[in-house]
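Structure file work-v5.csv (CSV, C-alpha atoms) is printed below.
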```csv
chain,number,residue,atom,x,y,z
N,15,ARG,CA,-19.2,-12.5,6.8
N,16,ALA,CA,-20.7,-15.5,4.9
N,17,ASN,CA,-18.3,-14.8,2.1
N,18,ARG,CA,-15.4,-14.6,4.6
N,19,GLN,CA,-14.4,-11.1,3.7
N,20,LYS,CA,-11.6,-9.6,5.8
N,21,PRO,CA,-12.6,-8.2,9.2
N,22,SER,CA,-11.2,-4.8,8.1
N,23,GLY,CA,-13.5,-4.8,5.0
N,24,ILE,CA,-16.5,-5.8,7.1
N,25,ALA,CA,-15.8,-3.1,9.6
N,26,THR,CA,-15.5,-0.5,6.9
N,27,LYS,CA,-18.9,-1.4,5.4
N,28,GLU,CA,-20.5,-1.4,8.8
N,29,ARG,CA,-19.1,2.1,9.5
N,30,VAL,CA,-20.3,3.4,6.1
N,31,LEU,CA,-23.8,2.1,6.9
N,32,ARG,CA,-23.8,3.5,10.4
N,33,VAL,CA,-22.3,6.9,9.7
N,34,HIS,CA,-23.5,7.8,6.2
N,35,LEU,CA,-26.1,5.5,4.6
N,36,VAL,CA,-28.6,4.9,7.4
N,37,PRO,CA,-28.7,8.6,8.6
N,38,ALA,CA,-29.3,9.7,5.0
N,39,LEU,CA,-31.4,6.9,3.5
N,40,GLY,CA,-32.5,4.8,6.4
N,41,HIS,CA,-36.1,6.2,6.4
N,42,ARG,CA,-36.6,5.0,2.8
N,43,LYS,CA,-37.5,1.5,1.5
N,44,LEU,CA,-34.8,0.1,-0.8
N,45,ASP,CA,-37.0,0.3,-4.0
N,46,ALA,CA,-37.9,4.0,-3.1
N,47,ILE,CA,-34.3,5.2,-3.3
N,48,LYS,CA,-34.1,7.4,-6.3
N,49,SER,CA,-31.2,8.9,-8.3
N,50,GLU,CA,-32.0,12.3,-6.7
N,51,ASP,CA,-31.4,10.8,-3.3
N,52,VAL,CA,-28.0,9.6,-4.4
N,53,GLN,CA,-27.1,13.1,-5.7
N,54,ARG,CA,-28.3,14.6,-2.3
N,55,LEU,CA,-26.0,12.1,-0.6
N,56,LYS,CA,-23.1,13.3,-2.7
N,57,CYS,CA,-23.8,16.9,-1.8
N,58,ALA,CA,-23.9,16.0,1.9
N,59,LEU,CA,-20.5,14.5,1.5
N,60,GLN,CA,-19.1,17.5,-0.3
N,61,ALA,CA,-16.4,18.1,2.3
N,62,LYS,CA,-15.0,14.6,1.9
N,63,ALA,CA,-12.3,13.5,-0.6
N,64,PRO,CA,-13.6,12.0,-3.8
N,65,LYS,CA,-12.2,8.6,-2.9
N,66,THR,CA,-14.0,8.6,0.4
N,67,VAL,CA,-17.3,9.6,-1.3
N,68,ASN,CA,-16.8,6.7,-3.8
N,69,ASN,CA,-16.3,4.3,-0.9
N,70,VAL,CA,-19.7,5.3,0.4
N,71,LEU,CA,-21.3,5.1,-3.0
N,72,ALA,CA,-19.8,1.7,-3.6
N,73,VAL,CA,-21.3,0.2,-0.5
N,74,LEU,CA,-24.7,1.6,-1.5
N,75,SER,CA,-24.4,0.2,-5.0
N,76,VAL,CA,-23.4,-3.3,-3.7
N,77,LEU,CA,-26.2,-3.2,-1.1
N,78,LEU,CA,-28.8,-2.5,-3.8
N,79,LYS,CA,-27.4,-5.1,-6.2
N,80,LYS,CA,-27.5,-7.7,-3.5
N,81,ALA,CA,-31.1,-6.8,-2.8
N,82,VAL,CA,-31.9,-7.5,-6.4
N,83,GLU,CA,-29.9,-10.8,-6.3
N,84,TRP,CA,-31.6,-11.9,-3.2
N,85,GLU,CA,-35.0,-10.9,-4.7
N,86,VAL,CA,-35.7,-8.3,-2.0
N,87,ILE,CA,-36.4,-5.8,-4.8
N,88,GLU,CA,-37.1,-6.4,-8.5
N,89,ARG,CA,-34.5,-4.1,-10.0
N,90,MET,CA,-32.0,-1.3,-9.2
N,91,PRO,CA,-34.2,1.7,-8.2
N,92,CYS,CA,-31.5,4.3,-9.1
N,93,THR,CA,-28.2,5.0,-10.8
N,94,VAL,CA,-25.1,5.2,-8.6
N,95,LYS,CA,-22.3,7.1,-10.4
N,96,LEU,CA,-18.9,7.4,-8.8
N,97,LEU,CA,-17.0,10.7,-8.7
N,98,PRO,CA,-13.9,11.1,-10.9
N,99,VAL,CA,-10.8,10.7,-8.7
N,100,PRO,CA,-7.7,12.8,-9.7
N,101,LYS,CA,-4.6,10.7,-10.0
N,102,GLY,CA,-2.3,12.5,-7.7
N,103,SER,CA,1.3,11.5,-6.8
N,104,ALA,CA,1.9,9.8,-3.5
N,105,ALA,CA,3.9,11.7,-0.9
N,106,PHE,CA,7.3,10.1,0.0
N,107,TYR,CA,10.5,10.9,1.8
N,108,ASP,CA,13.4,11.8,-0.4
N,109,PHE,CA,16.7,9.9,0.1
N,110,ASP,CA,18.2,12.5,2.6
N,111,GLN,CA,14.9,12.7,4.6
N,112,TYR,CA,14.7,8.9,4.8
N,113,GLU,CA,18.3,8.6,6.0
N,114,ARG,CA,17.7,11.3,8.6
N,115,LEU,CA,14.5,9.4,9.8
N,116,ILE,CA,16.5,6.1,10.1
N,117,GLU,CA,19.2,7.8,12.3
N,118,VAL,CA,16.5,9.4,14.5
N,119,ALA,CA,14.6,6.1,14.8
N,120,ARG,CA,17.9,4.3,15.7
N,121,THR,CA,18.4,6.7,18.6
N,122,LEU,CA,14.9,6.3,19.9
N,123,ASP,CA,14.6,2.5,20.3
N,124,ALA,CA,15.2,-0.7,18.3
N,125,ARG,CA,11.5,-1.3,17.6
N,126,THR,CA,11.1,2.1,16.0
N,127,HIS,CA,14.2,1.6,13.9
N,128,LEU,CA,12.9,-1.8,12.7
N,129,VAL,CA,9.5,-0.3,11.8
N,130,VAL,CA,11.2,2.3,9.6
N,131,LEU,CA,13.4,-0.2,7.9
N,132,LEU,CA,10.6,-2.8,7.3
N,133,GLY,CA,8.4,-0.1,5.8
N,134,GLY,CA,11.1,1.9,3.9
N,135,GLU,CA,13.3,-1.0,2.7
N,136,ALA,CA,10.9,-3.9,2.4
N,137,GLY,CA,7.6,-2.1,1.7
N,138,LEU,CA,5.6,-3.8,4.4
N,139,ARG,CA,2.2,-2.4,5.3
N,140,VAL,CA,1.6,-1.7,9.1
N,141,GLY,CA,-0.5,-4.9,9.5
N,142,GLU,CA,2.1,-6.9,7.7
N,143,MET,CA,4.8,-5.6,10.1
N,144,MET,CA,2.7,-6.4,13.1
N,145,ALA,CA,2.0,-10.0,11.9
N,146,LEU,CA,5.6,-10.8,10.7
N,147,GLU,CA,6.9,-13.9,12.5
N,148,TRP,CA,10.5,-15.1,12.9
N,149,GLY,CA,9.6,-18.1,10.8
N,150,ASP,CA,9.0,-15.7,7.9
N,151,VAL,CA,12.5,-14.3,8.2
N,152,ASP,CA,15.4,-16.1,6.3
N,153,LEU,CA,18.6,-14.3,7.4
N,154,VAL,CA,20.8,-16.8,5.6
N,155,ASN,CA,19.3,-16.1,2.2
N,156,ARG,CA,18.4,-12.5,3.2
N,157,GLN,CA,14.7,-12.5,2.4
N,158,VAL,CA,11.4,-12.2,4.2
N,159,CYS,CA,8.1,-13.9,3.4
N,160,VAL,CA,5.1,-11.6,3.8
N,161,ALA,CA,2.4,-14.2,4.5
N,162,ARG,CA,-0.1,-12.5,6.9
N,163,SER,CA,-1.5,-9.2,8.2
N,164,ASP,CA,-2.9,-8.2,11.5
N,165,TRP,CA,-5.9,-5.9,11.8
N,166,ASN,CA,-7.1,-5.2,15.4
N,167,GLY,CA,-6.0,-8.7,16.5
N,168,PHE,CA,-7.5,-10.5,13.5
N,169,VAL,CA,-4.8,-12.2,11.4
N,170,THR,CA,-5.6,-12.6,7.7
N,171,SER,CA,-3.7,-13.0,4.5
N,172,PRO,CA,-2.0,-9.9,3.1
N,173,LYS,CA,-3.9,-7.4,1.0
N,174,GLY,CA,-4.5,-9.0,-2.4
N,175,GLY,CA,-4.7,-12.5,-0.8
N,176,ARG,CA,-1.3,-13.8,-1.7
N,177,LEU,CA,2.1,-14.0,0.0
N,178,ARG,CA,5.2,-12.4,-1.5
N,179,ARG,CA,8.9,-12.7,-0.8
N,180,VAL,CA,11.1,-9.6,-0.5
N,181,PRO,CA,14.9,-9.7,-0.5
N,182,LEU,CA,16.4,-7.9,2.5
N,183,THR,CA,18.8,-5.0,2.3
N,184,ARG,CA,22.0,-5.5,4.3
N,185,ARG,CA,21.0,-3.0,7.1
N,186,LEU,CA,17.5,-4.5,7.4
N,187,ALA,CA,19.0,-8.0,7.7
N,188,ALA,CA,21.5,-6.7,10.3
N,189,ALA,CA,18.7,-5.0,12.3
N,190,LEU,CA,16.6,-8.1,12.3
N,191,SER,CA,19.6,-10.2,13.3
N,192,ALA,CA,20.4,-7.8,16.2
N,193,GLN,CA,16.8,-7.9,17.4
N,194,ARG,CA,16.3,-11.7,17.6
N,195,HIS,CA,14.3,-12.6,20.7
N,196,LEU,CA,12.4,-15.5,22.2
N,197,ARG,CA,9.6,-13.4,23.8
N,198,SER,CA,7.2,-14.2,21.0
N,199,ALA,CA,6.9,-15.8,17.5
N,200,ARG,CA,6.4,-12.3,16.2
N,201,VAL,CA,9.2,-10.1,15.2
N,202,LEU,CA,7.6,-6.9,16.7
N,203,CYS,CA,6.1,-7.3,20.1
N,204,GLN,CA,5.8,-5.7,23.5
N,205,ASP,CA,8.5,-6.3,26.1
N,206,ASP,CA,6.3,-9.0,27.7
N,207,GLY,CA,5.8,-10.7,24.3
N,208,THR,CA,2.2,-9.5,23.7
N,209,PRO,CA,1.4,-8.3,20.1
N,210,LEU,CA,1.8,-4.6,19.2
N,211,THR,CA,-1.3,-2.6,18.5
N,212,ARG,CA,-1.7,-0.3,15.5
N,213,PRO,CA,-2.0,2.9,17.6
N,214,PHE,CA,1.3,1.9,19.4
N,215,VAL,CA,3.2,1.5,16.1
N,216,GLN,CA,1.6,4.7,14.7
N,217,ALA,CA,2.7,6.6,17.8
N,218,LYS,CA,6.3,5.3,17.4
N,219,MET,CA,6.4,6.5,13.8
N,220,LYS,CA,4.9,9.9,14.6
N,221,ARG,CA,7.5,10.5,17.4
N,222,ALA,CA,10.4,9.6,15.1
N,223,SER,CA,9.0,11.7,12.2
N,224,ARG,CA,8.5,14.8,14.2
N,225,ARG,CA,11.9,14.5,15.9
N,226,ALA,CA,13.4,14.2,12.4
N,227,GLY,CA,11.5,17.4,11.3
N,228,MET,CA,9.2,15.7,8.8
N,229,THR,CA,5.9,17.2,7.8
N,230,HIS,CA,4.4,13.7,7.1
N,231,ASP,CA,4.3,11.2,9.9
N,232,GLY,CA,2.0,8.4,8.6
N,233,LEU,CA,3.2,4.8,8.4
N,234,HIS,CA,2.1,4.4,4.8
N,235,ILE,CA,4.6,7.1,3.7
N,236,LEU,CA,7.3,4.5,4.3
N,237,ARG,CA,5.8,2.2,1.8
N,238,HIS,CA,5.4,5.1,-0.7
N,239,SER,CA,9.0,5.9,-0.1
N,240,PHE,CA,10.0,2.3,-0.8
N,241,CYS,CA,8.2,2.3,-4.2
N,242,SER,CA,9.4,5.8,-5.1
N,243,HIS,CA,13.1,5.0,-4.3
N,244,LEU,CA,12.9,1.9,-6.4
N,245,ALA,CA,11.5,3.8,-9.3
N,246,MET,CA,14.1,6.6,-8.9
N,247,ARG,CA,16.9,4.0,-9.0
N,248,GLY,CA,15.5,2.6,-12.3
N,249,ALA,CA,13.7,-0.5,-11.1
N,250,PRO,CA,11.2,-1.9,-13.7
N,251,ALA,CA,7.5,-1.4,-12.9
N,252,ARG,CA,6.9,-5.1,-12.8
N,253,ALA,CA,9.6,-5.7,-10.2
N,254,ILE,CA,8.2,-2.9,-8.0
N,255,GLN,CA,4.7,-4.4,-8.4
N,256,GLU,CA,6.0,-7.8,-7.2
N,257,LEU,CA,8.0,-6.4,-4.3
N,258,ALA,CA,5.2,-4.2,-3.1
N,259,GLY,CA,2.4,-6.7,-3.6
N,260,HIS,CA,0.3,-4.5,-5.8
N,261,GLN,CA,-2.6,-6.4,-7.3
N,262,ASP,CA,-2.8,-4.0,-10.2
N,263,LEU,CA,0.0,-2.5,-12.3
N,264,THR,CA,-1.8,0.8,-12.4
N,265,THR,CA,-1.1,1.2,-8.7
N,266,THR,CA,2.6,0.8,-9.4
N,267,GLN,CA,2.6,3.2,-12.3
N,268,ARG,CA,1.8,6.0,-9.9
N,269,TYR,CA,5.5,6.0,-9.1
N,270,MET,CA,7.0,5.5,-12.5
N,271,HIS,CA,7.1,9.2,-13.4
N,272,LEU,CA,9.9,9.4,-10.9
N,273,SER,CA,12.1,7.1,-13.0
N,274,PRO,CA,14.6,9.3,-14.8
N,275,ALA,CA,16.4,6.2,-16.1
N,276,ALA,CA,13.3,5.0,-17.9
N,277,LEU,CA,12.6,8.5,-19.4
N,278,ASP,CA,16.2,8.9,-20.5
N,279,ALA,CA,16.1,5.4,-22.1
N,280,ALA,CA,13.0,6.3,-24.0
N,281,ILE,CA,14.5,9.5,-25.4
N,282,ARG,CA,17.6,7.7,-26.4
N,283,LEU,CA,15.5,5.5,-28.7
N,284,LEU,CA,14.8,8.7,-30.7
N,285,ASP,CA,18.5,9.4,-31.0
N,286,LEU,CA,19.1,5.8,-32.2
N,287,ALA,CA,16.3,6.2,-34.8
N,288,ASN,CA,17.9,9.4,-36.0
N,289,GLY,CA,21.3,7.7,-36.5
N,290,ASP,CA,23.3,9.3,-33.7
N,291,PRO,CA,26.8,7.7,-34.2
N,292,SER,CA,27.6,8.1,-30.5
N,293,LEU,CA,25.0,5.3,-29.7
N,294,VAL,CA,26.7,2.7,-31.9
N,295,GLY,CA,28.8,0.5,-29.8
N,296,PRO,CA,32.1,-1.2,-30.8
N,297,PRO,CA,31.9,-4.3,-33.0
N,298,SER,CA,31.4,-7.5,-31.0
N,299,ARG,CA,33.5,-10.6,-31.5
N,300,GLY,CA,32.6,-12.5,-34.6
N,301,GLY,CA,31.5,-9.3,-36.5
N,302,MET,CA,27.9,-9.5,-35.2
N,303,VAL,CA,27.3,-5.7,-35.3
N,304,GLU,CA,28.2,-5.6,-39.0
N,305,ALA,CA,26.2,-8.7,-39.7
N,306,ALA,CA,23.1,-7.3,-38.1
N,307,GLY,CA,23.0,-4.6,-40.7
N,308,LYS,CA,22.9,-7.0,-43.6
N,309,SER,CA,19.8,-8.8,-44.9
N,310,SER,CA,19.9,-12.5,-44.3
```

Starting from the file, give its structure as structure tokens.
Amino acid sequence: RANRQKPSGIATKERVLRVHLVPALGHRKLDAIKSEDVQRLKCALQAKAPKTVNNVLAVLSVLLKKAVEWEVIERMPCTVKLLPVPKGSAAFYDFDQYERLIEVARTLDARTHLVVLLGGEAGLRVGEMMALEWGDVDLVNRQVCVARSDWNGFVTSPKGGRLRRVPLTRRLAAALSAQRHLRSARVLCQDDGTPLTRPFVQAKMKRASRRAGMTHDGLHILRHSFCSHLAMRGAPARAIQELAGHQDLTTTQRYMHLSPAALDAAIRLLDLANGDPSLVGPPSRGGMVEAAGKSS
């Protein structure tokens, strides 16, 4: 709290302490925690996903390092090694599934329709959708500014700490224009103008997904679909990173195996190197193709 971390991050650390660390290690003094205790903790969390286990271990590691920094203990009493996390591909809706979901959402209600479009065609996280205000929406230039995020009523900056601007697709711009209201400064709100809650938005998405016959119904799959569809249409990784607001390019690269255009372009480089005549274009005006082959 003193370092002004986000409320969601603070709540996560408190939950890790309450649910995992205090029950397993709360009976020990900090300088008495040994590497064997860490291994036993890993075994106790065997049913959890590696990423979940690593979140618990990361809190323990930071806790002990802070204890050293604050001179509560003299040195790290143990080694905390994270588990290897396999880099799996993220689930997403294919183009036909996404179109079907949009149609179903449209028949349900305007809010659900807007949630699906904001996630699937602008890549907004659920907290960013909930915190989006009309002042962030520029319908004239067809773009939205993602400047804040809502977590259980706490409004903070988006994940990564910086705002981003995302151009609007035509149908997202049309849906936003059709839903203009004066009930609240927020784009998505209850009928009485009060803010939406995360469970409310999740329930809307689950209803639409199940009615559309989808096996996945989480809100984050919309964001995965946004990134996946961009990659499949040949968008550069750097552009996807900017649009999605990924801090690290490695996050974006999870989707780049879906880009057939990029793979095709790479193989065509081999054809070019092997002198495939079909890849040589017609001479440009001024004889620049011929000149390029001569030494200057």

Which residues come within 9 Å of Asp51 (chain N), counting all atoms listed in the file, excluding same-chain residues fewer than 5 positions away, as a PDB file with C-alpha atoms, in the frame of the given file?
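Resulting contents of around27.pdb:
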```pdb
ATOM      1  CA  ALA N  38     -29.300   9.700   5.000  1.00  0.00           C
ATOM      2  CA  LEU N  39     -31.400   6.900   3.500  1.00  0.00           C
ATOM      3  CA  LYS N  56     -23.100  13.300  -2.700  1.00  0.00           C
ATOM      4  CA  CYS N  92     -31.500   4.300  -9.100  1.00  0.00           C
TER       5      CYS N  92
END
```

Worksheet item: Skipping near chain neighbours, those fewer than 5 positions away, what residues fall within 9 Å of region 109-114 of chain N using only C-alpha atoms, listed as a VMD selection string?
Response: chain N and resid 119 130 134 226 to 228 236 239 243

Worksheet item: So which residues touch Asp152 (chain N) within 12 Å, counting all atoms listed in the file, skipping near sequence neighbours fewer than 3 positions away, as a ChimeraX atom specification?
Response: /N:146-149,155-160,179-182,186-188,190-191

Practice prompt. Enter the distance from CA of Asp150 (chain N) to CA of Arg212 (chain N), in Å, rounded to one decimal.
Written response: 20.2 Å

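With CA of Thr208 (chain N) on one side and CA of Met144 (chain N) on the other, the separation reads 11.1 Å.
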
Set out as JSON lines a contact list for region 107-164 of chain N and region 258-261 of chain N with a cut-off of 8 Å, giving each residue of region 107-164 of chain N that qualifies its closest atom pair and distance in Å to one decimal, counting only C-alpha atoms, ordered by chain and rising residue number.
```
{"residue": "N:Ala136", "atom": "CA", "partner": "N:Ala258", "partner_atom": "CA", "distance": 7.9}
{"residue": "N:Gly137", "atom": "CA", "partner": "N:Ala258", "partner_atom": "CA", "distance": 5.8}
{"residue": "N:Leu138", "atom": "CA", "partner": "N:Ala258", "partner_atom": "CA", "distance": 7.5}
```

Got time to write the residues from that selection, C-alpha atoms, as a PDB file, in the coordinates of the input?
```pdb
ATOM      1  CA  ALA N 136      10.900  -3.900   2.400  1.00  0.00           C
ATOM      2  CA  GLY N 137       7.600  -2.100   1.700  1.00  0.00           C
ATOM      3  CA  LEU N 138       5.600  -3.800   4.400  1.00  0.00           C
TER       4      LEU N 138
END
```

Worksheet item: Which residues come within 12 Å of Lys79 (chain N), counting all atoms listed in the file, excluding same-chain residues fewer than 2 positions away, as JSON, numbers by chain?
Response: {"N": [44, 45, 72, 73, 74, 75, 76, 77, 81, 82, 83, 84, 85, 86, 87, 88, 89, 90, 91, 92, 93, 94]}

Practice prompt. Kindly indicate which residue among N:Leu115, N:Leu196, N:Phe168, N:Gly141 lies nearest to Arg224 (chain N), using all atoms listed in the file for the distances.
Written response: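 Using all atoms listed in the file, the shortest distance to Arg224 (chain N) belongs to N:Leu115.
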
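Taking CA of Leu131 (chain N) and CA of Ser273 (chain N) as endpoints, the distance between them is 22.2 Å.
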
Worksheet item: Which residues, written as a list of chain:residue names, have at least one atom at most 7 Å from Arg197 (chain N), with all atoms listed in the file counted and residues fewer than 2 positions away on the same chain left out?
Response: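 What passes the distance filter is N:His195, N:Asp206, N:Gly207.
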
Worksheet entry | Which of N:Ser49, N:Asn68, N:Ser223, N:Ser163 sits closest to His127 (chain N) [using all atoms listed in the file] |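 With all atoms listed in the file as the atom set, the closest residue is N:Ser223.
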
Item to complete: Kindly indicate which residue among N:Thr121, N:Leu55, N:Phe240, N:Leu283 lies nearest to Val36 (chain N), using all atoms listed in the file for the distances.
Response: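 Of the candidates, the smallest distance to Val36 (chain N) is held by N:Leu55.
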
Practice prompt. Rank nothing, just name the residue among N:Val151, N:Arg18, N:Asn288, N:Pro64 nearest to Ala189 (chain N), using all atoms listed in the file.
Written response: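 Among N:Val151, N:Arg18, N:Asn288, N:Pro64, it is N:Val151 that comes nearest to Ala189 (chain N).
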
Item to complete: Can you work out which one of N:Leu210, N:Cys241, N:Ala61, N:Val169 has the shortest atom-to-atom distance to Ser22 (chain N), counting only C-alpha atoms?
Response: N:Val169

Practice prompt. Choose the residue, out of N:Ile116, N:Pro250, N:Leu263, N:Gly174, that has the smallest atom-to-atom separation from Met219 (chain N); count all atoms listed in the file.
Written response: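 Smallest separation from Met219 (chain N) among the options: N:Ile116.
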